[in-house]
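Have a look at start.cif; it's mmCIF, C-alpha atoms:
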```
data_final
#
loop_
_atom_site.label_atom_id
_atom_site.label_comp_id
_atom_site.auth_asym_id
_atom_site.auth_seq_id
_atom_site.Cartn_x
_atom_site.Cartn_y
_atom_site.Cartn_z
CA MET A 69 -76.60 -18.68 64.80
CA GLN A 70 -73.87 -17.25 62.59
CA PRO A 71 -72.40 -19.59 59.93
CA TRP A 72 -69.06 -21.21 60.81
CA TRP A 73 -67.20 -18.97 58.34
CA HIS A 74 -68.45 -15.70 59.83
CA PRO A 75 -65.38 -13.70 60.96
CA ASP A 76 -66.71 -13.22 64.48
CA ARG A 77 -67.41 -16.93 64.96
CA PHE A 78 -64.14 -17.97 63.35
CA ALA A 79 -62.23 -15.59 65.62
CA ALA A 80 -63.43 -17.57 68.64
CA ARG A 81 -61.71 -20.68 67.22
CA ARG A 82 -58.63 -19.10 65.75
CA ALA A 83 -56.28 -19.46 68.74
CA ARG A 84 -57.07 -23.17 69.01
CA LEU A 85 -56.46 -23.64 65.29
CA VAL A 86 -53.04 -22.00 65.64
CA GLN A 87 -52.33 -24.49 68.43
CA ARG A 88 -53.56 -27.30 66.17
CA GLY A 89 -50.80 -26.41 63.72
CA ARG A 90 -48.15 -26.46 66.45
CA ILE A 91 -49.37 -29.83 67.69
CA LEU A 92 -49.28 -31.24 64.14
CA ASP A 93 -45.70 -29.98 63.76
CA ALA A 94 -44.81 -31.81 66.99
CA VAL A 95 -46.41 -35.02 65.69
CA ARG A 96 -44.46 -34.83 62.43
CA GLY A 97 -41.25 -34.18 64.31
CA PHE A 98 -41.92 -37.07 66.67
CA PHE A 99 -42.26 -39.61 63.86
CA ALA A 100 -39.42 -38.16 61.79
CA GLU A 101 -37.04 -38.53 64.73
CA ARG A 102 -37.99 -42.21 64.98
CA ASP A 103 -37.57 -43.04 61.28
CA PHE A 104 -41.25 -43.56 60.51
CA ALA A 105 -42.34 -43.08 56.91
CA GLU A 106 -45.37 -40.82 56.49
CA VAL A 107 -47.76 -42.55 54.08
CA GLU A 108 -50.98 -41.65 52.28
CA THR A 109 -53.55 -44.27 51.35
CA PRO A 110 -56.82 -43.94 49.40
CA VAL A 111 -60.02 -42.89 51.12
CA LEU A 112 -62.05 -45.00 48.67
CA GLN A 113 -61.91 -48.68 49.63
CA ALA A 114 -63.63 -51.94 48.71
CA SER A 115 -64.45 -52.39 52.40
CA PRO A 116 -64.75 -49.55 54.91
CA GLY A 117 -63.97 -51.83 57.85
CA LEU A 118 -66.05 -54.56 59.46
CA GLU A 119 -66.66 -53.20 62.97
CA PRO A 120 -70.37 -54.01 63.47
CA HIS A 121 -71.42 -50.70 65.01
CA LEU A 122 -69.78 -48.33 62.50
CA LYS A 123 -71.88 -46.95 59.64
CA ALA A 124 -69.97 -46.06 56.48
CA PHE A 125 -70.64 -43.76 53.53
CA ARG A 126 -71.23 -45.66 50.28
CA THR A 127 -70.56 -44.46 46.75
CA GLU A 128 -69.76 -45.89 43.29
CA LEU A 129 -66.57 -45.92 41.27
CA HIS A 130 -67.15 -45.70 37.51
CA ASP A 131 -64.60 -47.09 35.04
CA PRO A 132 -64.56 -44.75 32.00
CA ARG A 133 -63.17 -47.55 29.81
CA SER A 134 -65.72 -50.27 30.47
CA GLY A 135 -68.55 -48.19 31.87
CA ALA A 136 -68.77 -50.56 34.83
CA ALA A 137 -69.64 -49.21 38.25
CA VAL A 138 -68.42 -50.88 41.42
CA PRO A 139 -69.41 -50.05 44.99
CA ARG A 140 -66.84 -48.28 47.11
CA TYR A 141 -66.87 -46.87 50.63
CA LEU A 142 -65.20 -43.97 52.39
CA HIS A 143 -62.91 -45.68 54.87
CA THR A 144 -63.63 -45.61 58.59
CA SER A 145 -59.90 -46.17 59.18
CA PRO A 146 -56.83 -46.53 56.92
CA GLU A 147 -55.91 -49.73 58.79
CA PHE A 148 -56.28 -52.28 55.99
CA ALA A 149 -54.25 -50.26 53.48
CA MET A 150 -51.53 -49.48 56.01
CA LYS A 151 -51.12 -53.14 56.95
CA LYS A 152 -50.72 -53.95 53.26
CA LEU A 153 -47.79 -51.52 53.25
CA LEU A 154 -46.25 -53.50 56.13
CA VAL A 155 -46.57 -56.62 53.97
CA ALA A 156 -44.91 -54.66 51.16
CA GLY A 157 -41.87 -54.23 53.40
CA LEU A 158 -42.18 -50.89 55.21
CA PRO A 159 -41.12 -51.34 58.85
CA ARG A 160 -42.53 -48.18 60.49
CA ILE A 161 -45.34 -46.06 59.05
CA TRP A 162 -47.69 -43.33 60.19
CA GLN A 163 -50.53 -41.38 58.64
CA LEU A 164 -52.86 -38.54 59.56
CA ALA A 165 -55.94 -39.60 57.62
CA HIS A 166 -59.38 -38.11 57.22
CA VAL A 167 -61.85 -40.87 58.03
CA PHE A 168 -65.62 -41.00 57.73
CA ARG A 169 -68.35 -42.43 59.95
CA ASP A 170 -72.01 -41.80 59.28
CA GLY A 171 -74.52 -41.28 62.07
CA GLU A 172 -71.92 -39.93 64.51
CA ARG A 173 -72.23 -36.35 65.73
CA SER A 174 -71.70 -35.08 69.25
CA ALA A 175 -69.30 -32.94 71.24
CA THR A 176 -66.63 -35.62 70.70
CA HIS A 177 -67.75 -37.15 67.37
CA HIS A 178 -67.85 -35.77 63.84
CA PRO A 179 -68.81 -37.50 60.55
CA GLU A 180 -65.39 -36.60 59.10
CA PHE A 181 -62.42 -36.42 61.44
CA ALA A 182 -58.65 -36.79 61.59
CA MET A 183 -57.25 -40.15 62.67
CA LEU A 184 -53.57 -40.53 63.53
CA GLU A 185 -52.49 -44.12 62.95
CA TRP A 186 -49.07 -45.72 63.20
CA TYR A 187 -47.79 -49.28 62.80
CA ARG A 188 -44.51 -50.91 63.78
CA ALA A 189 -43.23 -54.22 62.42
CA GLY A 190 -41.46 -56.34 65.00
CA ALA A 191 -43.02 -54.40 67.86
CA SER A 192 -45.43 -55.24 70.67
CA TRP A 193 -48.32 -53.33 72.18
CA GLN A 194 -46.00 -52.38 75.03
CA ASP A 195 -43.86 -50.50 72.49
CA LEU A 196 -46.96 -48.53 71.53
CA VAL A 197 -47.54 -47.57 75.15
CA ALA A 198 -44.04 -46.09 75.21
CA ASP A 199 -44.81 -44.29 71.92
CA CYS A 200 -47.98 -42.80 73.41
CA GLU A 201 -46.20 -41.55 76.50
CA ALA A 202 -43.47 -39.85 74.47
CA LEU A 203 -45.89 -38.46 71.87
CA LEU A 204 -48.31 -36.91 74.37
CA ARG A 205 -45.45 -35.36 76.30
CA ALA A 206 -44.02 -33.87 73.10
CA CYS A 207 -47.42 -32.49 72.12
CA GLN A 208 -48.05 -31.07 75.58
CA ALA A 209 -44.72 -29.27 75.38
CA ALA A 210 -45.53 -27.94 71.91
CA ALA A 211 -48.88 -26.62 73.15
CA GLU A 212 -47.11 -24.97 76.11
CA THR A 213 -49.69 -26.20 78.59
CA ASP A 214 -49.26 -27.65 82.06
CA ALA A 215 -51.79 -30.43 81.40
CA LEU A 216 -54.48 -31.75 79.11
CA HIS A 217 -57.97 -30.52 80.03
CA TRP A 218 -61.55 -31.58 79.36
CA ARG A 219 -64.79 -30.60 81.08
CA GLY A 220 -63.17 -29.46 84.30
CA HIS A 221 -60.74 -32.38 84.53
CA SER A 222 -57.00 -32.41 83.90
CA ALA A 223 -54.22 -34.90 83.23
CA ASP A 224 -50.51 -34.14 83.04
CA ALA A 225 -48.79 -36.41 80.49
CA ARG A 226 -45.46 -35.80 82.24
CA ARG A 227 -46.63 -37.62 85.37
CA PRO A 228 -46.40 -41.44 85.69
CA TRP A 229 -49.23 -43.02 83.72
CA GLN A 230 -51.74 -45.38 85.26
CA ARG A 231 -51.87 -48.92 83.82
CA LEU A 232 -54.98 -50.95 84.46
CA THR A 233 -56.50 -54.10 83.01
CA VAL A 234 -60.16 -54.16 82.04
CA ALA A 235 -60.79 -56.89 84.61
CA ASP A 236 -59.08 -54.84 87.34
CA ALA A 237 -61.16 -51.79 86.38
CA PHE A 238 -64.40 -53.75 86.74
CA GLY A 239 -63.20 -55.16 90.04
CA HIS A 240 -62.06 -51.81 91.45
CA TYR A 241 -64.92 -49.58 90.35
CA CYS A 242 -67.82 -52.07 90.28
CA ALA A 243 -66.79 -55.08 92.40
CA ILE A 244 -67.54 -57.28 89.37
CA ASP A 245 -65.41 -60.28 88.42
CA LEU A 246 -65.72 -59.68 84.70
CA LEU A 247 -63.77 -62.71 83.48
CA ALA A 248 -65.93 -64.99 85.65
CA THR A 249 -68.88 -63.98 83.43
CA ALA A 250 -67.01 -65.39 80.42
CA PRO A 251 -66.17 -69.03 81.23
CA ASP A 252 -66.02 -69.51 77.47
CA PRO A 253 -63.89 -66.48 76.49
CA LEU A 254 -65.38 -66.18 73.01
CA CYS A 255 -68.99 -66.74 74.11
CA PRO A 256 -69.41 -64.83 77.38
CA ASP A 257 -72.44 -65.44 79.60
CA THR A 258 -74.96 -62.61 79.28
CA ALA A 259 -77.04 -63.85 82.21
CA ALA A 260 -74.02 -63.87 84.50
CA LEU A 261 -73.08 -60.30 83.64
CA ALA A 262 -76.74 -59.21 83.92
CA ALA A 263 -76.84 -60.61 87.46
CA ALA A 264 -73.62 -58.81 88.37
CA ALA A 265 -74.92 -55.57 86.86
CA SER A 266 -78.17 -55.86 88.81
CA GLY A 267 -76.12 -56.11 91.99
CA ILE A 268 -74.76 -52.58 91.43
CA GLY A 269 -78.06 -51.08 90.32
CA ILE A 270 -77.68 -51.36 86.54
CA ALA A 271 -80.59 -53.14 84.87
CA ALA A 272 -80.39 -55.35 81.81
CA HIS A 273 -82.83 -54.56 79.01
CA PRO A 274 -84.66 -57.11 76.87
CA GLY A 275 -82.44 -58.15 73.99
CA ASP A 276 -79.18 -57.04 75.62
CA ASP A 277 -76.16 -59.14 74.83
CA TRP A 278 -73.00 -59.39 76.95
CA GLU A 279 -71.17 -56.63 75.07
CA THR A 280 -74.10 -54.21 75.40
CA LEU A 281 -74.14 -54.78 79.16
CA PHE A 282 -70.37 -54.41 79.29
CA PHE A 283 -70.58 -50.94 77.79
CA ARG A 284 -73.56 -49.88 79.91
CA ILE A 285 -71.56 -50.66 83.04
CA PHE A 286 -68.30 -49.32 81.62
CA LEU A 287 -69.62 -45.98 80.42
CA ASP A 288 -71.56 -45.31 83.60
CA ARG A 289 -69.23 -46.55 86.32
CA ILE A 290 -65.69 -46.83 84.93
CA GLU A 291 -64.89 -44.52 82.01
CA PRO A 292 -65.38 -41.23 83.95
CA HIS A 293 -62.60 -42.26 86.36
CA LEU A 294 -59.99 -43.05 83.70
CA GLY A 295 -57.18 -40.66 82.83
CA GLN A 296 -57.74 -38.32 85.77
CA GLY A 297 -54.55 -36.60 86.91
CA ALA A 298 -52.49 -38.56 84.39
CA PRO A 299 -53.37 -40.63 81.31
CA THR A 300 -54.55 -44.23 81.78
CA ILE A 301 -53.65 -47.27 79.69
CA LEU A 302 -56.57 -49.71 79.90
CA GLY A 303 -55.41 -53.10 78.64
CA ASP A 304 -56.15 -56.82 78.36
CA TYR A 305 -59.61 -56.53 76.83
CA PRO A 306 -61.75 -59.68 77.01
CA ALA A 307 -61.06 -62.09 74.14
CA SER A 308 -64.58 -61.62 72.77
CA MET A 309 -63.70 -57.94 72.22
CA ALA A 310 -60.36 -58.58 70.52
CA ALA A 311 -61.35 -56.82 67.26
CA LEU A 312 -58.21 -57.13 65.07
CA SER A 313 -55.84 -57.98 67.93
CA ARG A 314 -54.15 -61.23 68.87
CA ARG A 315 -55.17 -63.34 71.85
CA ASN A 316 -52.93 -62.80 74.85
CA PRO A 317 -50.51 -65.77 75.04
CA ASP A 318 -50.17 -65.28 78.81
CA ASP A 319 -53.93 -65.30 79.40
CA PRO A 320 -56.08 -66.50 76.46
CA ARG A 321 -59.17 -65.09 78.18
CA THR A 322 -57.90 -61.68 77.06
CA ALA A 323 -56.55 -59.95 73.96
CA GLU A 324 -53.49 -57.82 73.18
CA ARG A 325 -55.56 -54.67 73.04
CA PHE A 326 -55.41 -51.43 75.02
CA GLU A 327 -57.16 -48.08 74.96
CA LEU A 328 -55.74 -44.74 76.08
CA TYR A 329 -57.91 -42.49 78.25
CA VAL A 330 -57.32 -38.88 79.20
CA CYS A 331 -59.71 -36.93 81.47
CA GLY A 332 -62.38 -39.63 81.05
CA LEU A 333 -62.20 -39.39 77.24
CA GLU A 334 -61.11 -42.26 75.00
CA LEU A 335 -58.19 -41.06 72.90
CA ALA A 336 -56.67 -44.14 71.23
CA ASN A 337 -57.21 -47.85 70.53
CA ALA A 338 -54.22 -50.17 70.00
CA PHE A 339 -53.56 -53.79 69.09
CA GLY A 340 -50.88 -56.39 69.02
CA GLU A 341 -52.05 -57.16 65.49
CA LEU A 342 -53.65 -60.41 64.39
CA THR A 343 -51.62 -61.92 61.53
CA ASP A 344 -53.46 -65.23 60.92
CA PRO A 345 -55.61 -64.90 57.75
CA THR A 346 -57.82 -67.88 58.66
CA GLU A 347 -58.73 -66.47 62.07
CA GLN A 348 -59.11 -63.01 60.55
CA ARG A 349 -61.62 -64.30 57.99
CA ALA A 350 -63.57 -66.03 60.74
CA ARG A 351 -63.74 -62.80 62.75
CA PHE A 352 -64.80 -60.83 59.68
CA LEU A 353 -67.61 -63.30 58.99
CA ALA A 354 -68.76 -63.12 62.61
CA ASP A 355 -68.73 -59.31 62.51
CA ARG A 356 -70.68 -59.24 59.23
CA ALA A 357 -73.29 -61.58 60.67
CA LYS A 358 -73.62 -59.45 63.78
CA LYS A 359 -74.01 -56.27 61.74
CA GLN A 360 -76.63 -57.90 59.53
CA ALA A 361 -78.57 -59.07 62.59
CA LEU A 362 -78.39 -55.68 64.32
CA TYR A 363 -78.77 -53.25 61.41
CA GLY A 364 -79.98 -55.24 58.41
CA GLU A 365 -76.85 -54.54 56.34
CA ALA A 366 -73.31 -55.80 55.98
CA TYR A 367 -70.18 -54.56 54.23
CA PRO A 368 -67.97 -56.64 51.94
CA ILE A 369 -64.79 -58.31 53.13
CA ASP A 370 -61.58 -56.89 51.71
CA GLU A 371 -60.27 -60.04 50.04
CA ASP A 372 -57.11 -58.22 49.01
CA PHE A 373 -56.39 -57.57 52.69
CA LEU A 374 -56.76 -61.27 53.51
CA ALA A 375 -54.49 -62.10 50.58
CA ALA A 376 -51.89 -59.72 52.00
CA LEU A 377 -52.14 -61.45 55.39
CA ALA A 378 -51.70 -64.82 53.72
CA HIS A 379 -48.63 -63.50 51.89
CA GLY A 380 -47.14 -62.61 55.25
CA LEU A 381 -47.98 -59.77 57.62
CA PRO A 382 -45.03 -59.51 60.01
CA ASP A 383 -45.55 -59.54 63.74
CA CYS A 384 -46.53 -55.95 64.42
CA ALA A 385 -48.48 -53.54 66.56
CA GLY A 386 -50.69 -50.65 65.52
CA ILE A 387 -52.71 -47.84 67.02
CA ALA A 388 -55.38 -45.32 66.03
CA LEU A 389 -55.50 -42.01 67.91
CA GLY A 390 -58.15 -39.32 67.48
CA PHE A 391 -56.12 -36.27 66.50
CA ASP A 392 -59.01 -33.81 66.88
CA ARG A 393 -59.63 -35.12 70.40
CA LEU A 394 -55.94 -34.69 71.20
CA VAL A 395 -56.17 -31.05 70.09
CA MET A 396 -59.31 -30.63 72.20
CA LEU A 397 -57.49 -31.91 75.27
CA LEU A 398 -54.43 -29.73 74.66
CA THR A 399 -56.45 -26.56 74.07
CA GLY A 400 -59.20 -27.13 76.65
CA ALA A 401 -61.99 -27.28 74.04
CA ASP A 402 -65.26 -28.94 75.08
CA ASP A 403 -66.57 -29.47 71.53
CA ILE A 404 -64.79 -31.05 68.59
CA GLU A 405 -66.01 -28.33 66.21
CA ASP A 406 -63.99 -25.80 68.22
CA VAL A 407 -60.78 -27.38 66.85
CA LEU A 408 -61.86 -27.99 63.21
CA TRP A 409 -60.99 -25.57 60.43
CA ALA A 410 -64.44 -26.19 58.97
CA PRO A 411 -67.22 -28.54 60.09
CA VAL A 412 -69.30 -30.83 57.92
CA THR A 413 -72.60 -29.03 57.27
#
```

Translate this structure into structure tokens?
Amino acid sequence: MQPWWHPDRFAARRARLVQRGRILDAVRGFFAERDFAEVETPVLQASPGLEPHLKAFRTELHDPRSGAAVPRYLHTSPEFAMKKLLVAGLPRIWQLAHVFRDGERSATHHPEFAMLEWYRAGASWQDLVADCEALLRACQAAAETDALHWRGHSADARRPWQRLTVADAFGHYCAIDLLATAPDPLCPDTAALAAAASGIGIAAHPGDDWETLFFRIFLDRIEPHLGQGAPTILGDYPASMAALSRRNPDDPRTAERFELYVCGLELANAFGELTDPTEQRARFLADRAKKQALYGEAYPIDEDFLAALAHGLPDCAGIALGFDRLVMLLTGADDIEDVLWAPVT
């Protein structure tokens, strides 16, 4: 195969890269019109993020004065640093950051990719849904396309969006009462979900936990249906999958978290953000323990982030959207490398 820089191979990507520039211009215009500050935060961080299943790149930072070397990581998201800027007093911020995740490479994953994140103080996750609707419509107009496309499917962002809870999705597509398998919201019942999965022909494997079964069912029976015809907002994730989001005050079995799907492809993940430093530390410790048990390693906790939360993170909402995937959808590309200026080799 020709190298990525060969003129003939580059020519096949060039039209999509021109569109990438137009889409980026639309993104910048969108946030400028809404008085968001564009920020830039360091790639090198004391903690890359604590999500148990993400593998980070590790390096060392050498102090030329003392000669000391301290471990640092390439961030998997700029989330911690951006929330510190909210504590510092910025009310609305956005960033298009290059982020890094080791061990991820497929048609929709790349070890280095562009993440669009924005945060709003004094806002709710519902405000982010409205942001997503307006942003995708602006980008679709900039790309001059009638719809977003992926693998033979299409979704028009101008049409009314579907809104669906996770529990409703399991009920509609699988006839599974998901929340009934979690009588204790933070310690769901693996055996109960395994029995429900068996009833629809999905077998549990030795060592599976509840979350593993959740994703086996979700990826096989639910995800392909989401975002067809128009984008889908999938909300009210189970409390055990809250990540960095708050519990839902209207239903503590669930969390203030939603994901955005287009043409069966996950595009964004959003939270009504957790602001309690004590609960955040507890979740970090649980995530570190899970990562250690699964993969034999764990990343450090960003104590400076917890200090910022203790100082006072305002009520806020935040979202991370895969910019490369957005460009794929708007240009009809099937592979993420078709919309990158240069791949990691």

Query raised in the report: Within 9 Å of A:Asp245, counting all atoms listed in the file, which residues qualify if same-chain residues fewer than 3 places away don't, as a ChimeraX atom specification?
Result: /A:235-236,238-239,242,248-249,264

A:Ala272: which residues within 10 Å, counting only C-alpha atoms, same-chain residues fewer than 5 positions away excluded, as a tab-separated table (two decimals) with C-alpha atoms, in the coordinates of the input?
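Below is the file result-v2.tsv, written as the result:
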```tsv
chain	number	residue	atom	x	y	z
A	258	THR	CA	-74.96	-62.61	79.28
A	259	ALA	CA	-77.04	-63.85	82.21
A	261	LEU	CA	-73.08	-60.30	83.64
A	262	ALA	CA	-76.74	-59.21	83.92
A	263	ALA	CA	-76.84	-60.61	87.46
A	265	ALA	CA	-74.92	-55.57	86.86
A	266	SER	CA	-78.17	-55.86	88.81
A	277	ASP	CA	-76.16	-59.14	74.83
A	278	TRP	CA	-73.00	-59.39	76.95
A	280	THR	CA	-74.10	-54.21	75.40
A	281	LEU	CA	-74.14	-54.78	79.16
A	284	ARG	CA	-73.56	-49.88	79.91
```

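Interatomic distance, atom CA of A:Phe326 to atom CA of A:Phe283: 15.4 Å.
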
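In this comparison, which uses all atoms listed in the file, the residue of A:Glu327, A:Asp76, A:Asp214, A:Glu119 approaching A:Arg231 most closely is A:Glu327.
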
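The set of residues that the PyMOL selection byres ((chain A and resi 181) around 10) takes from this file is Thr144, Leu164, Ala165, His166, Val167, Phe168, Arg169, His177, His178, Pro179, Glu180, Ala182, Met183, Leu184, Gly390, Phe391, Asp392, Arg393, Ile404, Leu408, Pro411 and Val412 of chain A.
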
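Atom CA of A:Thr343 lies 5.8 Å from atom CA of A:Leu381.
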
Requested in this report: Check what the PyMOL selection byres ((chain A and resi 216-224) around 12) selects in the file above and give those residues as a ChimeraX atom specification.
Outcome: /A:175-176,201,204-209,211-215,225-230,292-300,329-335,393-404

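Minimum atom-to-atom distances from A:Pro159, A:Leu362, A:Thr413, A:Leu142 to A:Trp72 were compared using all atoms listed in the file, and the lowest value belongs to A:Thr413.
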